[in-house]
file entry-v7.cif (mmCIF, C-alpha atoms)
data_target
loop_
_atom_site.label_atom_id
_atom_site.label_comp_id
_atom_site.auth_asym_id
_atom_site.auth_seq_id
_atom_site.Cartn_x
_atom_site.Cartn_y
_atom_site.Cartn_z
CA MET A 11 -52.20 -6.59 -63.59
CA PRO A 12 -48.42 -7.15 -63.24
CA ALA A 13 -47.27 -10.70 -62.60
CA SER A 14 -44.78 -11.73 -59.95
CA THR A 15 -41.18 -12.31 -61.00
CA SER A 16 -41.49 -16.02 -60.19
CA ALA A 17 -44.26 -18.59 -60.67
CA LYS A 18 -44.23 -19.17 -56.91
CA PRO A 19 -42.78 -16.29 -54.91
CA TYR A 20 -44.10 -17.83 -51.72
CA ARG A 21 -43.95 -20.87 -49.45
CA ILE A 22 -46.22 -22.51 -46.90
CA GLY A 23 -44.83 -22.13 -43.40
CA ARG A 24 -45.68 -22.18 -39.72
CA SER A 25 -47.68 -19.15 -38.56
CA LYS A 26 -49.06 -17.96 -35.22
CA THR A 27 -52.46 -19.32 -36.24
CA GLY A 28 -51.21 -22.60 -37.73
CA LEU A 29 -50.02 -22.57 -41.33
CA GLY A 30 -49.55 -19.45 -43.42
CA LEU A 31 -48.16 -18.25 -46.74
CA PHE A 32 -44.81 -16.43 -46.69
CA ALA A 33 -42.97 -14.45 -49.36
CA THR A 34 -39.74 -16.06 -50.59
CA GLN A 35 -38.66 -12.97 -52.55
CA PRO A 36 -39.62 -9.27 -52.69
CA ILE A 37 -43.16 -8.76 -54.00
CA LYS A 38 -43.96 -5.35 -55.44
CA LYS A 39 -47.18 -3.46 -54.78
CA GLY A 40 -50.06 -4.37 -57.13
CA VAL A 41 -48.58 -7.76 -58.09
CA LYS A 42 -50.74 -10.87 -58.59
CA ILE A 43 -49.62 -13.41 -55.99
CA VAL A 44 -51.94 -16.42 -56.29
CA GLN A 45 -55.45 -17.40 -57.37
CA TYR A 46 -58.02 -18.56 -54.83
CA PHE A 47 -59.82 -21.44 -56.51
CA GLY A 48 -61.91 -24.57 -56.00
CA PRO A 49 -65.26 -26.08 -56.99
CA LEU A 50 -68.01 -23.56 -57.71
CA LEU A 51 -71.05 -23.90 -55.49
CA ASP A 52 -74.46 -22.80 -56.72
CA SER A 53 -76.73 -21.44 -53.98
CA LYS A 54 -79.73 -22.68 -56.01
CA ASN A 55 -78.43 -26.23 -55.62
CA GLU A 56 -79.59 -27.69 -52.31
CA LYS A 57 -76.56 -29.98 -51.97
CA HIS A 58 -74.19 -27.10 -52.67
CA ASP A 59 -76.09 -24.82 -50.31
CA ALA A 60 -75.75 -27.38 -47.51
CA ILE A 61 -71.92 -27.39 -47.68
CA GLU A 62 -70.30 -25.61 -44.74
CA ASN A 63 -66.58 -24.96 -44.09
CA LYS A 64 -64.34 -21.99 -43.32
CA TYR A 65 -62.82 -21.91 -46.82
CA LEU A 66 -66.00 -20.83 -48.63
CA PHE A 67 -65.39 -17.63 -50.57
CA GLN A 68 -68.54 -15.93 -51.87
CA ILE A 69 -68.25 -14.36 -55.31
CA SER A 70 -71.87 -13.27 -55.68
CA LYS A 71 -75.28 -14.00 -54.15
CA ARG A 72 -75.43 -17.14 -56.28
CA TRP A 73 -71.83 -18.35 -56.67
CA THR A 74 -69.33 -19.38 -54.00
CA VAL A 75 -65.87 -20.93 -54.34
CA ASP A 76 -65.16 -23.91 -52.09
CA GLY A 77 -61.45 -23.38 -51.42
CA SER A 78 -61.03 -26.35 -49.07
CA ILE A 79 -59.13 -28.44 -51.67
CA ARG A 80 -55.40 -28.90 -50.93
CA LYS A 81 -54.30 -27.62 -54.33
CA ASN A 82 -55.70 -24.21 -53.41
CA ILE A 83 -52.51 -22.71 -51.93
CA ALA A 84 -54.35 -19.42 -51.37
CA ARG A 85 -56.36 -21.05 -48.57
CA TYR A 86 -53.24 -20.86 -46.38
CA ILE A 87 -53.26 -17.05 -46.51
CA ASN A 88 -54.34 -15.80 -43.11
CA HIS A 89 -56.53 -12.85 -42.17
CA ALA A 90 -55.11 -9.50 -41.07
CA CYS A 91 -56.92 -6.34 -40.01
CA LYS A 92 -54.10 -4.32 -41.61
CA PRO A 93 -53.13 -6.59 -44.53
CA ASN A 94 -50.43 -6.38 -47.19
CA ALA A 95 -52.65 -7.99 -49.85
CA GLU A 96 -56.30 -8.05 -50.95
CA SER A 97 -58.77 -10.28 -52.74
CA ASP A 98 -59.64 -9.08 -56.24
CA VAL A 99 -62.98 -10.68 -57.19
CA ASN A 100 -64.11 -10.94 -60.84
CA ALA A 101 -67.76 -11.97 -60.58
CA ALA A 102 -68.19 -12.26 -64.35
CA LYS A 103 -65.31 -14.72 -64.74
CA LYS A 104 -65.97 -16.24 -61.28
CA LYS A 105 -62.33 -15.74 -60.34
CA ILE A 106 -60.61 -14.58 -57.17
CA ILE A 107 -57.07 -13.23 -57.37
CA ILE A 108 -54.96 -12.35 -54.33
CA ARG A 109 -52.71 -9.39 -55.09
CA SER A 110 -50.34 -7.24 -53.05
CA ILE A 111 -51.40 -3.75 -51.95
CA LYS A 112 -47.95 -2.85 -50.64
CA LYS A 113 -44.39 -4.08 -50.98
CA ILE A 114 -43.87 -7.44 -49.23
CA GLU A 115 -40.38 -8.40 -48.10
CA PRO A 116 -38.95 -11.97 -48.18
CA GLY A 117 -39.96 -13.91 -45.06
CA GLU A 118 -42.97 -11.66 -44.47
CA GLU A 119 -46.33 -13.38 -44.11
CA ILE A 120 -48.87 -12.66 -46.85
CA ASN A 121 -52.34 -11.76 -45.57
CA TYR A 122 -55.60 -10.08 -46.51
CA ASP A 123 -58.82 -8.97 -44.81
CA TYR A 124 -61.43 -11.78 -44.79
CA GLY A 125 -64.29 -9.34 -44.34
CA THR A 126 -66.70 -8.40 -41.56
CA GLU A 127 -68.98 -11.44 -41.83
CA TYR A 128 -66.14 -13.98 -41.58
CA PHE A 129 -64.48 -11.97 -38.79
CA LYS A 130 -67.65 -11.95 -36.66
CA GLU A 131 -68.39 -15.64 -37.23
CA TYR A 132 -64.95 -17.23 -36.93
CA LEU A 133 -62.37 -14.78 -35.57
CA LYS A 134 -64.12 -12.59 -33.01
CA PRO A 135 -65.18 -15.52 -30.75
CA ILE A 136 -61.56 -16.71 -30.38
CA GLY A 137 -59.82 -13.34 -30.80
CA CYS A 138 -58.02 -12.17 -33.91
CA LYS A 139 -54.28 -13.03 -33.81
CA CYS A 140 -53.05 -10.79 -36.59
CA ASP A 141 -50.07 -8.50 -35.89
CA SER A 142 -52.29 -5.42 -35.65
CA CYS A 143 -54.58 -6.97 -33.05
CA GLU A 144 -51.63 -8.49 -31.17
CA LYS A 145 -50.05 -5.03 -30.96
CA LYS A 146 -53.34 -3.59 -29.67
CA ARG A 147 -53.59 -6.31 -27.04
CA LYS A 148 -49.95 -5.82 -26.08
CA LYS A 149 -50.53 -2.07 -25.77
CA LYS A 150 -53.65 -2.66 -23.64
CA ARG A 151 -51.74 -5.09 -21.42
CA ALA A 152 -48.93 -2.55 -21.02
CA GLU A 153 -51.47 0.17 -20.21
CA ALA A 154 -53.21 -2.13 -17.72
CA ARG A 155 -49.86 -2.94 -16.06
CA ALA A 156 -48.99 0.77 -15.93
CA GLU A 157 -52.41 1.59 -14.47
CA LYS A 158 -52.04 -1.20 -11.91
CA LEU A 159 -48.55 0.03 -10.97
CA LYS A 160 -49.87 3.59 -10.74
CA ALA A 161 -52.72 2.45 -8.46
CA LYS A 162 -50.24 0.46 -6.33
CA GLU A 163 -47.91 3.46 -5.98
CA LYS A 164 -50.88 5.67 -5.11
CA ALA A 165 -52.00 3.17 -2.45
CA GLU A 166 -48.45 2.99 -1.07
CA ARG A 167 -48.22 6.81 -0.93
CA LYS A 168 -51.60 6.94 0.80
CA ALA A 169 -50.54 4.27 3.31
CA LEU A 170 -47.23 6.08 3.95
CA LYS A 171 -49.05 9.38 4.45
CA LYS A 172 -51.49 7.68 6.81
CA GLU A 173 -48.61 6.10 8.75
CA GLU A 174 -46.79 9.44 8.98
CA LYS A 175 -50.00 11.09 10.20
CA ALA A 176 -50.49 8.34 12.79
CA LYS A 177 -46.83 8.65 13.84
CA ALA A 178 -47.20 12.42 14.24
CA LYS A 179 -50.37 11.90 16.28
CA ARG A 180 -48.61 9.36 18.51
CA ALA A 181 -45.73 11.80 19.05
CA LYS A 182 -48.21 14.60 19.83
CA ASP A 183 -50.14 12.39 22.24
CA LYS A 184 -46.89 11.33 23.89
CA ALA A 185 -45.80 14.94 24.29
CA LYS A 186 -49.24 15.84 25.65
CA LYS A 187 -49.08 12.92 28.09
CA ALA A 188 -45.58 13.92 29.16
CA LYS A 189 -46.74 17.49 29.71
CA SER A 190 -49.75 16.26 31.66
CA SER A 191 -47.51 14.00 33.75
CA GLY A 192 -45.21 16.97 34.43
CA LYS A 193 -48.14 19.06 35.60
CA ALA A 194 -49.37 16.20 37.77
CA ALA A 195 -45.90 15.79 39.30
CA SER A 196 -45.69 19.55 39.90
CA GLY A 197 -49.14 19.52 41.51
CA LYS A 198 -48.18 16.55 43.64
CA ALA A 199 -45.01 18.32 44.76
CA LYS A 200 -47.03 21.40 45.65
CA THR A 201 -49.52 19.24 47.55
CA THR A 202 -46.67 17.49 49.38
CA LYS A 203 -45.10 20.85 50.23
CA ALA A 204 -48.44 22.20 51.47
CA ALA A 205 -48.98 19.05 53.51
CA ALA A 206 -45.49 19.38 55.00
CA LYS A 207 -46.16 23.01 55.78
CA LYS A 208 -49.46 22.08 57.36
CA THR A 209 -47.79 19.29 59.36
CA SER A 210 -45.10 21.73 60.50
CA ALA A 211 -47.74 24.26 61.55
CA THR A 212 -49.69 21.56 63.40
CA THR A 213 -46.53 20.39 65.15
CA LYS A 214 -45.67 23.97 66.03
CA ALA A 215 -49.19 24.54 67.35
CA LYS A 216 -48.99 21.37 69.39
CA SER A 217 -45.61 22.47 70.75
CA VAL A 218 -47.00 25.88 71.71
CA LYS A 219 -50.00 24.22 73.28
CA ALA A 220 -47.77 21.82 75.18
CA LYS A 221 -45.60 24.71 76.44
CA SER A 222 -48.70 26.60 77.51
CA ALA A 223 -50.01 23.54 79.32
CA ASN A 224 -46.64 23.06 81.00
CA SER A 225 -46.59 26.72 82.01
CA ARG A 226 -50.08 26.47 83.49
CA SER A 227 -49.12 23.27 85.28
CA ALA A 228 -45.99 24.91 86.69
CA LYS A 229 -47.95 27.91 87.88
CA ALA A 230 -50.56 25.66 89.49
CA SER A 231 -47.84 23.69 91.27
CA LYS A 232 -46.19 26.86 92.47
CA ALA A 233 -49.52 28.24 93.77
CA LYS A 234 -50.25 24.97 95.55
CA ALA A 235 -46.82 25.02 97.18
CA GLY A 236 -47.40 28.58 98.43
CA LYS A 237 -50.72 27.55 99.87
CA VAL A 238 -49.17 24.65 101.65
CA LYS A 239 -46.50 26.90 103.16
CA SER A 240 -49.16 29.34 104.32
CA LYS A 241 -51.02 26.63 106.19
CA ALA A 242 -47.86 25.44 107.85
CA ALA A 243 -47.13 28.86 109.22
#
call {"tool": "encode", "arguments": {"input": "entry-v7.cif", "output": "C-alpha cells"}}
result
Amino acid sequence: MPASTSAKPYRIGRSKTGLGLFATQPIKKGVKIVQYFGPLLDSKNEKHDAIENKYLFQISKRWTVDGSIRKNIARYINHACKPNAESDVNAAKKKIIIRSIKKIEPGEEINYDYGTEYFKEYLKPIGCKCDSCEKKRKKKRAEARAEKLKAKEKAERKALKKEEKAKAKRAKDKAKKAKSSGKAASGKAKTTKAAAKKTSATTKAKSVKAKSANSRSAKASKAKAGKVKSKAA
C-alpha cells in the first residue's frame, strides 16, 4: 500500500459534528492515511466485554479495538455515507488502517463509512450530518417548499376562479333584477294607463249620464210648464 507523502498529511479541525480530520495536502487514491489503534479488547474477558463507548472498532467476533485513547488520531475521522476513505481491517495482525479511496484535496474533511450497525445505533436516532445526507435533506426541503408554493398557487388560482365565478353570478343576478324591474315598471305603466283610461271612460259615462238626467229634467220642467198654462186657460 502506498504511503502518504508526509508523516501527517492531516490536521484536527472543527467539523459540523464537532471535531474532524482534514487533509493538509493532496492525498492520492489508495494512500494509507492513518492507523486506527488502541487497547485490544477480548470478548471472552468479562471486564473487556463490559466496556461500552462509541470508539469501539470490532476486528473479529473475538477482538475489538478500543479507540477512545487521545493518541488515536483516527478517532476524529467522521462518518460519511459517501466517503473519500475506508477502513482496511487486517484481522490476522489485528490492525485497522484508514486509506483513501479517491483523491482528497487540501482542506477537505477525511471520512469513511462506519457501517450499518453503528449507523443504526448512534447516527440514525439523531440524523446523519454527512454532506451526502445534508444534500438529501436540503433537496427534500427545497422540494417541500416547491410543493407548498405549488399548493398555495393552486389555492390562489382556485380562490380567484371562485371569486370570478361569484362576480359573474352577481352581475348576472343584477342584470336579471334590472330586467325584472324594467318589466315591473312597464307593467305598472300599462296598469296606470289602463286605470287612467278606465277613469276617463267612467268620467265620460258620468258626464253622459248627467247630460241625460239634465235633458230629462228639462223636458219634465217644460211639460209641467205646458200643463200649468193649459189650466190657466
call {"tool": "residues_near_point", "arguments": {"input": "entry-v7.cif", "point": "(-58.6, -10.1, -51.3)", "cutoff": "6 Å", "atoms": "only C-alpha atoms", "output": "list in words"}}
result
Glu96, Ser97, Asp98, Ile108 and Tyr122 of chain A
call {"tool": "residues_around", "arguments": {"input": "entry-v7.cif", "residues": "Thr34 in chain A", "least_positions_apart": "5", "cutoff": "9 Å", "atoms": "only C-alpha atoms", "output": "ChimeraX atom specification"}}
result
/A:18-21,115-118
call {"tool": "closest_residue", "arguments": {"input": "entry-v7.cif", "among": "A:Arg180, A:Lys113, A:Lys171, A:Lys158", "to": "Lys38 in chain A", "atoms": "only C-alpha atoms"}}
result
A:Lys113
call {"tool": "closest_residue", "arguments": {"input": "entry-v7.cif", "among": "A:Arg147, A:His89, A:Lys105, A:Lys39", "to": "Ser70 in chain A", "atoms": "all atoms listed in the file"}}
result
A:Lys105
call {"tool": "resolve_selection", "arguments": {"input": "entry-v7.cif", "expression": "the PyMOL selection byres ((chain A and resi 81) around 12)", "output": "PyMOL selection string"}}
result
chain A and resi 44-49+76-80+82-86
call {"tool": "atom_distance", "arguments": {"input": "entry-v7.cif", "atom1": "CA of Lys26 in chain A", "atom2": "CA of Lys139 in chain A"}}
result
7.3 Å
call {"tool": "residues_around", "arguments": {"input": "entry-v7.cif", "residues": "Ser53 in chain A", "least_positions_apart": "5", "cutoff": "8 Å", "atoms": "only C-alpha atoms", "output": "JSON, numbers by chain"}}
result
{"A": [58, 59, 71, 72, 73, 74]}
call {"tool": "closest_residue", "arguments": {"input": "entry-v7.cif", "among": "A:Lys150, A:Leu50, A:Lys187, A:Asn55", "to": "Ile69 in chain A", "atoms": "all atoms listed in the file"}}
result
A:Leu50
call {"tool": "atom_distance", "arguments": {"input": "entry-v7.cif", "atom1": "CA of Ile43 in chain A", "atom2": "CA of Asn88 in chain A"}}
result
13.9 Å
call {"tool": "atom_distance", "arguments": {"input": "entry-v7.cif", "atom1": "CA of Gly30 in chain A", "atom2": "CA of Ala60 in chain A"}}
result
27.7 Å
call {"tool": "resolve_selection", "arguments": {"input": "entry-v7.cif", "expression": "the PyMOL selection byres ((chain A and resi 127-138) around 12)", "output": "ChimeraX atom specification"}}
result
/A:26-27,63-68,88-92,122-126,139-147
call {"tool": "axis_aligned_box", "arguments": {"input": "entry-v7.cif", "around": "range 173-188 of chain A", "padding_each_side": "6 Å", "output": "AutoDock Vina command-line options"}}
result
--center_x -48.0 --center_y 11.0 --center_z 19.0 --size_x 16.9 --size_y 21.7 --size_z 32.4
